[in-house]
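Asker: Sharing a structure here in structure tokens format.
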Amino acid sequence: MAIVRWDPFRELTALQTEVNRLFSRVGGSDVTERQSWTPSIDVIETDGSIKLKAELAGMDPADISIEVQDNVLTVSGERRFEEEVREDKYYRIERRYGSFSRSIALPQTVDESKIEARYENGVLEVEVPKAEIAKPKKIAVSIGSQKTKTVEAPAGASESKN
């Protein structure tokens with residue numbers, strides 16, 4: 001399994017983002033301001049594959065990118081705020097807009113060349129099949145310069161003759 005760097009300030013960064021968002025609402029900043037967000041992702045391991053399901057409701061599939069490098073699967077993209085309101089005002093905007101990026105470490109036993117992705121009803125499903133694990137091979141041991149021999153003796157033949 002790949003080693004993923006731990007970021008001790010991740011929660012602090014999330015708190016700072018929320019405080020900035022609160023102050024931007026009070027200050028009356030533009031709604032279309034770019035914000036980052038994090039979609040919810042489920043990762044499921046089955047006997048034959050690793051499955052990832054991400055909630056990306058309201059996104060255009062053209063705005064979603066999936067990459068694999070060094071056994072790390074990265075899903076990124078951008079949800080755009082496209083609605084223009086001229087006369088009415090919003091009372092509340094709770095959906096998140098802007099860019100996102102999520103990275104998941106994959107085990108060494110996956111087959112990166114056979115990854116498949118589907119996007120339907122706002123849910124992105126990525127299936128990463130596991131590679132066929134090589135079966136252990138039996139290796140014959142030769143004695144000296146002779147070819148390999150299998151030595152079998154009947155039971156009780158361990159007595160030596162003089």
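Ligands are numbered from 1 in the order shown, chains are lettered A, B, ... in the order of the structure tokens, and residues start at 1 in each chain.
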Compile the contact shell of Glu45 (chain A) as a PDB file with all heavy atoms, in the first residue's frame: residues with an atom at most 12 Å away, counting only C-alpha atoms, same-chain residues fewer than 4 positions apart removed.
Answerer:
```pdb
ATOM      1  N   SER A  49     -12.083  -6.194  -7.104  1.00  0.00           N
ATOM      2  CA  SER A  49     -11.797  -4.804  -7.448  1.00  0.00           C
ATOM      3  C   SER A  49     -11.938  -3.881  -6.244  1.00  0.00           C
ATOM      4  O   SER A  49     -12.401  -4.271  -5.189  1.00  0.00           O
ATOM      5  CB  SER A  49     -12.759  -4.338  -8.554  1.00  0.00           C
ATOM      6  OG  SER A  49     -14.074  -4.301  -8.058  1.00  0.00           O
ATOM      7  N   ILE A  50     -11.513  -2.637  -6.473  1.00  0.00           N
ATOM      8  CA  ILE A  50     -11.725  -1.537  -5.538  1.00  0.00           C
ATOM      9  C   ILE A  50     -12.731  -0.619  -6.224  1.00  0.00           C
ATOM     10  O   ILE A  50     -12.518  -0.216  -7.373  1.00  0.00           O
ATOM     11  CB  ILE A  50     -10.420  -0.745  -5.270  1.00  0.00           C
ATOM     12  CG1 ILE A  50      -9.294  -1.651  -4.815  1.00  0.00           C
ATOM     13  CG2 ILE A  50     -10.665   0.404  -4.317  1.00  0.00           C
ATOM     14  CD1 ILE A  50      -9.304  -2.026  -3.375  1.00  0.00           C
ATOM     15  N   LYS A  51     -13.836  -0.285  -5.550  1.00  0.00           N
ATOM     16  CA  LYS A  51     -14.856   0.584  -6.134  1.00  0.00           C
ATOM     17  C   LYS A  51     -14.919   1.887  -5.358  1.00  0.00           C
ATOM     18  O   LYS A  51     -14.870   1.891  -4.130  1.00  0.00           O
ATOM     19  CB  LYS A  51     -16.219  -0.097  -6.113  1.00  0.00           C
ATOM     20  CG  LYS A  51     -16.285  -1.307  -7.005  1.00  0.00           C
ATOM     21  CD  LYS A  51     -17.649  -1.942  -6.976  1.00  0.00           C
ATOM     22  CE  LYS A  51     -17.666  -3.172  -7.875  1.00  0.00           C
ATOM     23  NZ  LYS A  51     -18.975  -3.819  -7.869  1.00  0.00           N
ATOM     24  N   LEU A  52     -15.027   2.974  -6.093  1.00  0.00           N
ATOM     25  CA  LEU A  52     -15.108   4.305  -5.510  1.00  0.00           C
ATOM     26  C   LEU A  52     -16.403   4.948  -5.998  1.00  0.00           C
ATOM     27  O   LEU A  52     -16.700   4.904  -7.187  1.00  0.00           O
ATOM     28  CB  LEU A  52     -13.892   5.111  -5.972  1.00  0.00           C
ATOM     29  CG  LEU A  52     -13.839   6.560  -5.585  1.00  0.00           C
ATOM     30  CD1 LEU A  52     -12.454   6.871  -5.083  1.00  0.00           C
ATOM     31  CD2 LEU A  52     -14.170   7.438  -6.757  1.00  0.00           C
ATOM     32  N   LYS A  53     -17.186   5.516  -5.081  1.00  0.00           N
ATOM     33  CA  LYS A  53     -18.413   6.218  -5.439  1.00  0.00           C
ATOM     34  C   LYS A  53     -18.330   7.623  -4.861  1.00  0.00           C
ATOM     35  O   LYS A  53     -18.139   7.789  -3.656  1.00  0.00           O
ATOM     36  CB  LYS A  53     -19.642   5.500  -4.889  1.00  0.00           C
ATOM     37  CG  LYS A  53     -19.893   4.158  -5.521  1.00  0.00           C
ATOM     38  CD  LYS A  53     -21.149   3.531  -4.967  1.00  0.00           C
ATOM     39  CE  LYS A  53     -21.386   2.177  -5.613  1.00  0.00           C
ATOM     40  NZ  LYS A  53     -22.629   1.563  -5.131  1.00  0.00           N
ATOM     41  N   LEU A 106      -4.100   3.498  -3.556  1.00  0.00           N
ATOM     42  CA  LEU A 106      -4.539   2.173  -3.990  1.00  0.00           C
ATOM     43  C   LEU A 106      -3.504   1.129  -3.598  1.00  0.00           C
ATOM     44  O   LEU A 106      -2.310   1.431  -3.523  1.00  0.00           O
ATOM     45  CB  LEU A 106      -4.708   2.148  -5.516  1.00  0.00           C
ATOM     46  CG  LEU A 106      -5.751   3.104  -6.095  1.00  0.00           C
ATOM     47  CD1 LEU A 106      -5.669   3.110  -7.614  1.00  0.00           C
ATOM     48  CD2 LEU A 106      -7.138   2.728  -5.633  1.00  0.00           C
ATOM     49  N   PRO A 107      -3.926  -0.111  -3.363  1.00  0.00           N
ATOM     50  CA  PRO A 107      -2.947  -1.163  -3.063  1.00  0.00           C
ATOM     51  C   PRO A 107      -2.102  -1.480  -4.295  1.00  0.00           C
ATOM     52  O   PRO A 107      -2.472  -1.157  -5.421  1.00  0.00           O
ATOM     53  CB  PRO A 107      -3.810  -2.365  -2.662  1.00  0.00           C
ATOM     54  CG  PRO A 107      -5.198  -2.036  -3.031  1.00  0.00           C
ATOM     55  CD  PRO A 107      -5.299  -0.572  -3.280  1.00  0.00           C
ATOM     56  N   VAL A 110      -3.425  -3.656  -7.823  1.00  0.00           N
ATOM     57  CA  VAL A 110      -4.455  -3.248  -8.785  1.00  0.00           C
ATOM     58  C   VAL A 110      -3.891  -3.201 -10.196  1.00  0.00           C
ATOM     59  O   VAL A 110      -2.687  -3.072 -10.396  1.00  0.00           O
ATOM     60  CB  VAL A 110      -5.079  -1.883  -8.421  1.00  0.00           C
ATOM     61  CG1 VAL A 110      -5.770  -1.952  -7.079  1.00  0.00           C
ATOM     62  CG2 VAL A 110      -4.057  -0.778  -8.465  1.00  0.00           C
ATOM     63  N   VAL A 126     -16.092   4.686  -9.970  1.00  0.00           N
ATOM     64  CA  VAL A 126     -14.813   4.284 -10.559  1.00  0.00           C
ATOM     65  C   VAL A 126     -14.512   2.878 -10.060  1.00  0.00           C
ATOM     66  O   VAL A 126     -14.544   2.621  -8.850  1.00  0.00           O
ATOM     67  CB  VAL A 126     -13.673   5.247 -10.162  1.00  0.00           C
ATOM     68  CG1 VAL A 126     -12.361   4.817 -10.793  1.00  0.00           C
ATOM     69  CG2 VAL A 126     -14.013   6.676 -10.552  1.00  0.00           C
ATOM     70  N   GLU A 127     -14.241   1.965 -10.993  1.00  0.00           N
ATOM     71  CA  GLU A 127     -13.905   0.590 -10.628  1.00  0.00           C
ATOM     72  C   GLU A 127     -12.468   0.303 -11.033  1.00  0.00           C
ATOM     73  O   GLU A 127     -12.104   0.444 -12.192  1.00  0.00           O
ATOM     74  CB  GLU A 127     -14.852  -0.408 -11.289  1.00  0.00           C
ATOM     75  CG  GLU A 127     -14.608  -1.819 -10.829  1.00  0.00           C
ATOM     76  CD  GLU A 127     -15.711  -2.779 -11.245  1.00  0.00           C
ATOM     77  OE1 GLU A 127     -16.696  -2.337 -11.846  1.00  0.00           O
ATOM     78  OE2 GLU A 127     -15.540  -3.968 -10.964  1.00  0.00           O
ATOM     79  N   VAL A 128     -11.671  -0.082 -10.050  1.00  0.00           N
ATOM     80  CA  VAL A 128     -10.262  -0.403 -10.266  1.00  0.00           C
ATOM     81  C   VAL A 128     -10.088  -1.897 -10.020  1.00  0.00           C
ATOM     82  O   VAL A 128     -10.090  -2.343  -8.869  1.00  0.00           O
ATOM     83  CB  VAL A 128      -9.351   0.403  -9.304  1.00  0.00           C
ATOM     84  CG1 VAL A 128      -7.893   0.136  -9.598  1.00  0.00           C
ATOM     85  CG2 VAL A 128      -9.663   1.881  -9.366  1.00  0.00           C
ATOM     86  N   PRO A 129      -9.962  -2.700 -11.092  1.00  0.00           N
ATOM     87  CA  PRO A 129      -9.830  -4.153 -10.898  1.00  0.00           C
ATOM     88  C   PRO A 129      -8.478  -4.535 -10.294  1.00  0.00           C
ATOM     89  O   PRO A 129      -7.473  -3.867 -10.526  1.00  0.00           O
ATOM     90  CB  PRO A 129      -9.982  -4.725 -12.304  1.00  0.00           C
ATOM     91  CG  PRO A 129      -9.743  -3.603 -13.233  1.00  0.00           C
ATOM     92  CD  PRO A 129      -9.991  -2.324 -12.494  1.00  0.00           C
ATOM     93  N   LYS A 130      -8.512  -5.591  -9.518  1.00  0.00           N
ATOM     94  CA  LYS A 130      -7.270  -6.112  -8.937  1.00  0.00           C
ATOM     95  C   LYS A 130      -6.563  -6.952  -9.991  1.00  0.00           C
ATOM     96  O   LYS A 130      -7.195  -7.602 -10.807  1.00  0.00           O
ATOM     97  CB  LYS A 130      -7.568  -6.962  -7.707  1.00  0.00           C
ATOM     98  CG  LYS A 130      -8.122  -6.155  -6.557  1.00  0.00           C
ATOM     99  CD  LYS A 130      -8.376  -7.044  -5.363  1.00  0.00           C
ATOM    100  CE  LYS A 130      -8.937  -6.264  -4.209  1.00  0.00           C
ATOM    101  NZ  LYS A 130      -9.261  -7.139  -3.074  1.00  0.00           N
TER     102      LYS A 130
END
```
Asker: I'd like the neighbourhood of Leu124 (chain A) as a PDB file with all heavy atoms, in the first residue's frame, where a residue qualifies if any of its atoms comes within 8 Å (using only C-alpha atoms), though same-chain residues fewer than 6 positions away should be ignored.
Answerer:
```
ATOM      1  N   LEU A  52     -15.027   2.974  -6.093  1.00  0.00           N
ATOM      2  CA  LEU A  52     -15.108   4.305  -5.510  1.00  0.00           C
ATOM      3  C   LEU A  52     -16.403   4.948  -5.998  1.00  0.00           C
ATOM      4  O   LEU A  52     -16.700   4.904  -7.187  1.00  0.00           O
ATOM      5  CB  LEU A  52     -13.892   5.111  -5.972  1.00  0.00           C
ATOM      6  CG  LEU A  52     -13.839   6.560  -5.585  1.00  0.00           C
ATOM      7  CD1 LEU A  52     -12.454   6.871  -5.083  1.00  0.00           C
ATOM      8  CD2 LEU A  52     -14.170   7.438  -6.757  1.00  0.00           C
ATOM      9  N   LYS A  53     -17.186   5.516  -5.081  1.00  0.00           N
ATOM     10  CA  LYS A  53     -18.413   6.218  -5.439  1.00  0.00           C
ATOM     11  C   LYS A  53     -18.330   7.623  -4.861  1.00  0.00           C
ATOM     12  O   LYS A  53     -18.139   7.789  -3.656  1.00  0.00           O
ATOM     13  CB  LYS A  53     -19.642   5.500  -4.889  1.00  0.00           C
ATOM     14  CG  LYS A  53     -19.893   4.158  -5.521  1.00  0.00           C
ATOM     15  CD  LYS A  53     -21.149   3.531  -4.967  1.00  0.00           C
ATOM     16  CE  LYS A  53     -21.386   2.177  -5.613  1.00  0.00           C
ATOM     17  NZ  LYS A  53     -22.629   1.563  -5.131  1.00  0.00           N
ATOM     18  N   ALA A  54     -18.464   8.632  -5.735  1.00  0.00           N
ATOM     19  CA  ALA A  54     -18.367  10.029  -5.315  1.00  0.00           C
ATOM     20  C   ALA A  54     -19.647  10.774  -5.670  1.00  0.00           C
ATOM     21  O   ALA A  54     -20.156  10.629  -6.776  1.00  0.00           O
ATOM     22  CB  ALA A  54     -17.169  10.698  -5.987  1.00  0.00           C
ATOM     23  N   GLU A  55     -20.154  11.567  -4.723  1.00  0.00           N
ATOM     24  CA  GLU A  55     -21.330  12.391  -4.966  1.00  0.00           C
ATOM     25  C   GLU A  55     -20.900  13.686  -5.650  1.00  0.00           C
ATOM     26  O   GLU A  55     -20.247  14.527  -5.038  1.00  0.00           O
ATOM     27  CB  GLU A  55     -22.041  12.716  -3.656  1.00  0.00           C
ATOM     28  CG  GLU A  55     -22.728  11.534  -3.033  1.00  0.00           C
ATOM     29  CD  GLU A  55     -23.502  11.917  -1.780  1.00  0.00           C
ATOM     30  OE1 GLU A  55     -23.556  13.108  -1.428  1.00  0.00           O
ATOM     31  OE2 GLU A  55     -24.047  11.001  -1.158  1.00  0.00           O
ATOM     32  N   LEU A  56     -21.269  13.820  -6.915  1.00  0.00           N
ATOM     33  CA  LEU A  56     -20.901  15.002  -7.702  1.00  0.00           C
ATOM     34  C   LEU A  56     -22.139  15.585  -8.384  1.00  0.00           C
ATOM     35  O   LEU A  56     -22.124  15.895  -9.575  1.00  0.00           O
ATOM     36  CB  LEU A  56     -19.837  14.633  -8.738  1.00  0.00           C
ATOM     37  CG  LEU A  56     -18.546  14.036  -8.184  1.00  0.00           C
ATOM     38  CD1 LEU A  56     -17.622  13.604  -9.299  1.00  0.00           C
ATOM     39  CD2 LEU A  56     -17.852  15.031  -7.276  1.00  0.00           C
ATOM     40  N   ALA A 117     -14.789   4.128 -15.459  1.00  0.00           N
ATOM     41  CA  ALA A 117     -15.544   5.138 -14.715  1.00  0.00           C
ATOM     42  C   ALA A 117     -16.887   5.368 -15.397  1.00  0.00           C
ATOM     43  O   ALA A 117     -16.979   5.372 -16.621  1.00  0.00           O
ATOM     44  CB  ALA A 117     -14.748   6.433 -14.646  1.00  0.00           C
ATOM     45  N   ARG A 118     -17.932   5.539 -14.555  1.00  0.00           N
ATOM     46  CA  ARG A 118     -19.283   5.846 -15.040  1.00  0.00           C
ATOM     47  C   ARG A 118     -19.832   6.996 -14.211  1.00  0.00           C
ATOM     48  O   ARG A 118     -19.592   7.080 -13.005  1.00  0.00           O
ATOM     49  CB  ARG A 118     -20.196   4.631 -14.862  1.00  0.00           C
ATOM     50  CG  ARG A 118     -19.879   3.472 -15.763  1.00  0.00           C
ATOM     51  CD  ARG A 118     -20.745   2.252 -15.459  1.00  0.00           C
ATOM     52  NE  ARG A 118     -20.552   1.677 -14.127  1.00  0.00           N
ATOM     53  CZ  ARG A 118     -19.493   0.964 -13.747  1.00  0.00           C
ATOM     54  NH1 ARG A 118     -18.512   0.748 -14.595  1.00  0.00           N
ATOM     55  NH2 ARG A 118     -19.399   0.454 -12.543  1.00  0.00           N
TER      56      ARG A 118
END
```
Asker: Provide the CA of Asp63 (chain A) to CA of Arg79 (chain A) distance in Å, to one decimal place.
Answerer: 7.5 Å
Asker: Between A:Leu12, A:Glu132, A:Gly58, A:Leu73, which is the closest to Arg102 (chain A) once you count only C-alpha atoms?
Answerer: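 Closest to Arg102 (chain A) of all the choices is A:Leu73.
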Asker: Give me, as a PyMOL selection string, all polymer residues having an atom no more than 10 Å from Asp70 (chain A), counting only C-alpha atoms and skipping those fewer than 6 positions away in the same chain.
Answerer: chain A and resi 2+105-106+108+112
Asker: Output all heavy atoms of each residue in that selection to a file, as a short mmCIF file (atom, residue, chain, number, x, y, z; two decimals), in the first residue's frame.
Answerer:
```cif
data_model
loop_
_atom_site.label_atom_id
_atom_site.label_comp_id
_atom_site.auth_asym_id
_atom_site.auth_seq_id
_atom_site.Cartn_x
_atom_site.Cartn_y
_atom_site.Cartn_z
N ALA A 2 0.48 2.26 -0.71
CA ALA A 2 1.25 3.48 -0.82
C ALA A 2 1.20 4.27 0.49
O ALA A 2 0.22 4.22 1.23
CB ALA A 2 0.73 4.33 -1.96
N ALA A 105 -5.16 6.42 -1.95
CA ALA A 105 -4.06 5.49 -2.18
C ALA A 105 -4.63 4.11 -2.51
O ALA A 105 -5.56 3.64 -1.87
CB ALA A 105 -3.18 5.40 -0.94
N LEU A 106 -4.10 3.50 -3.56
CA LEU A 106 -4.54 2.17 -3.99
C LEU A 106 -3.50 1.13 -3.60
O LEU A 106 -2.31 1.43 -3.52
CB LEU A 106 -4.71 2.15 -5.52
CG LEU A 106 -5.75 3.10 -6.10
CD1 LEU A 106 -5.67 3.11 -7.61
CD2 LEU A 106 -7.14 2.73 -5.63
N GLN A 108 -0.98 -2.13 -4.08
CA GLN A 108 -0.06 -2.48 -5.17
C GLN A 108 -0.64 -3.52 -6.11
O GLN A 108 -0.17 -3.68 -7.22
CB GLN A 108 1.26 -3.01 -4.59
CG GLN A 108 2.02 -2.01 -3.75
CD GLN A 108 2.63 -0.90 -4.58
OE1 GLN A 108 2.97 -1.09 -5.73
NE2 GLN A 108 2.76 0.27 -3.98
N GLU A 112 -3.94 -0.92 -13.13
CA GLU A 112 -4.25 0.46 -13.52
C GLU A 112 -4.71 0.58 -14.96
O GLU A 112 -5.41 1.53 -15.31
CB GLU A 112 -3.04 1.36 -13.28
CG GLU A 112 -2.65 1.51 -11.83
CD GLU A 112 -1.42 2.38 -11.64
OE1 GLU A 112 -0.86 2.86 -12.64
OE2 GLU A 112 -1.03 2.58 -10.48
#
```
Asker: In Å to one decimal, how far is CA of Gly48 (chain A) from CA of Val123 (chain A)?
Answerer: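 Separation of CA of Val123 (chain A) and CA of Gly48 (chain A): 21.3 Å.
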Asker: By how many Å are CA of Glu18 (chain A) and CA of Gly122 (chain A) apart?
Answerer: 24.7 Å
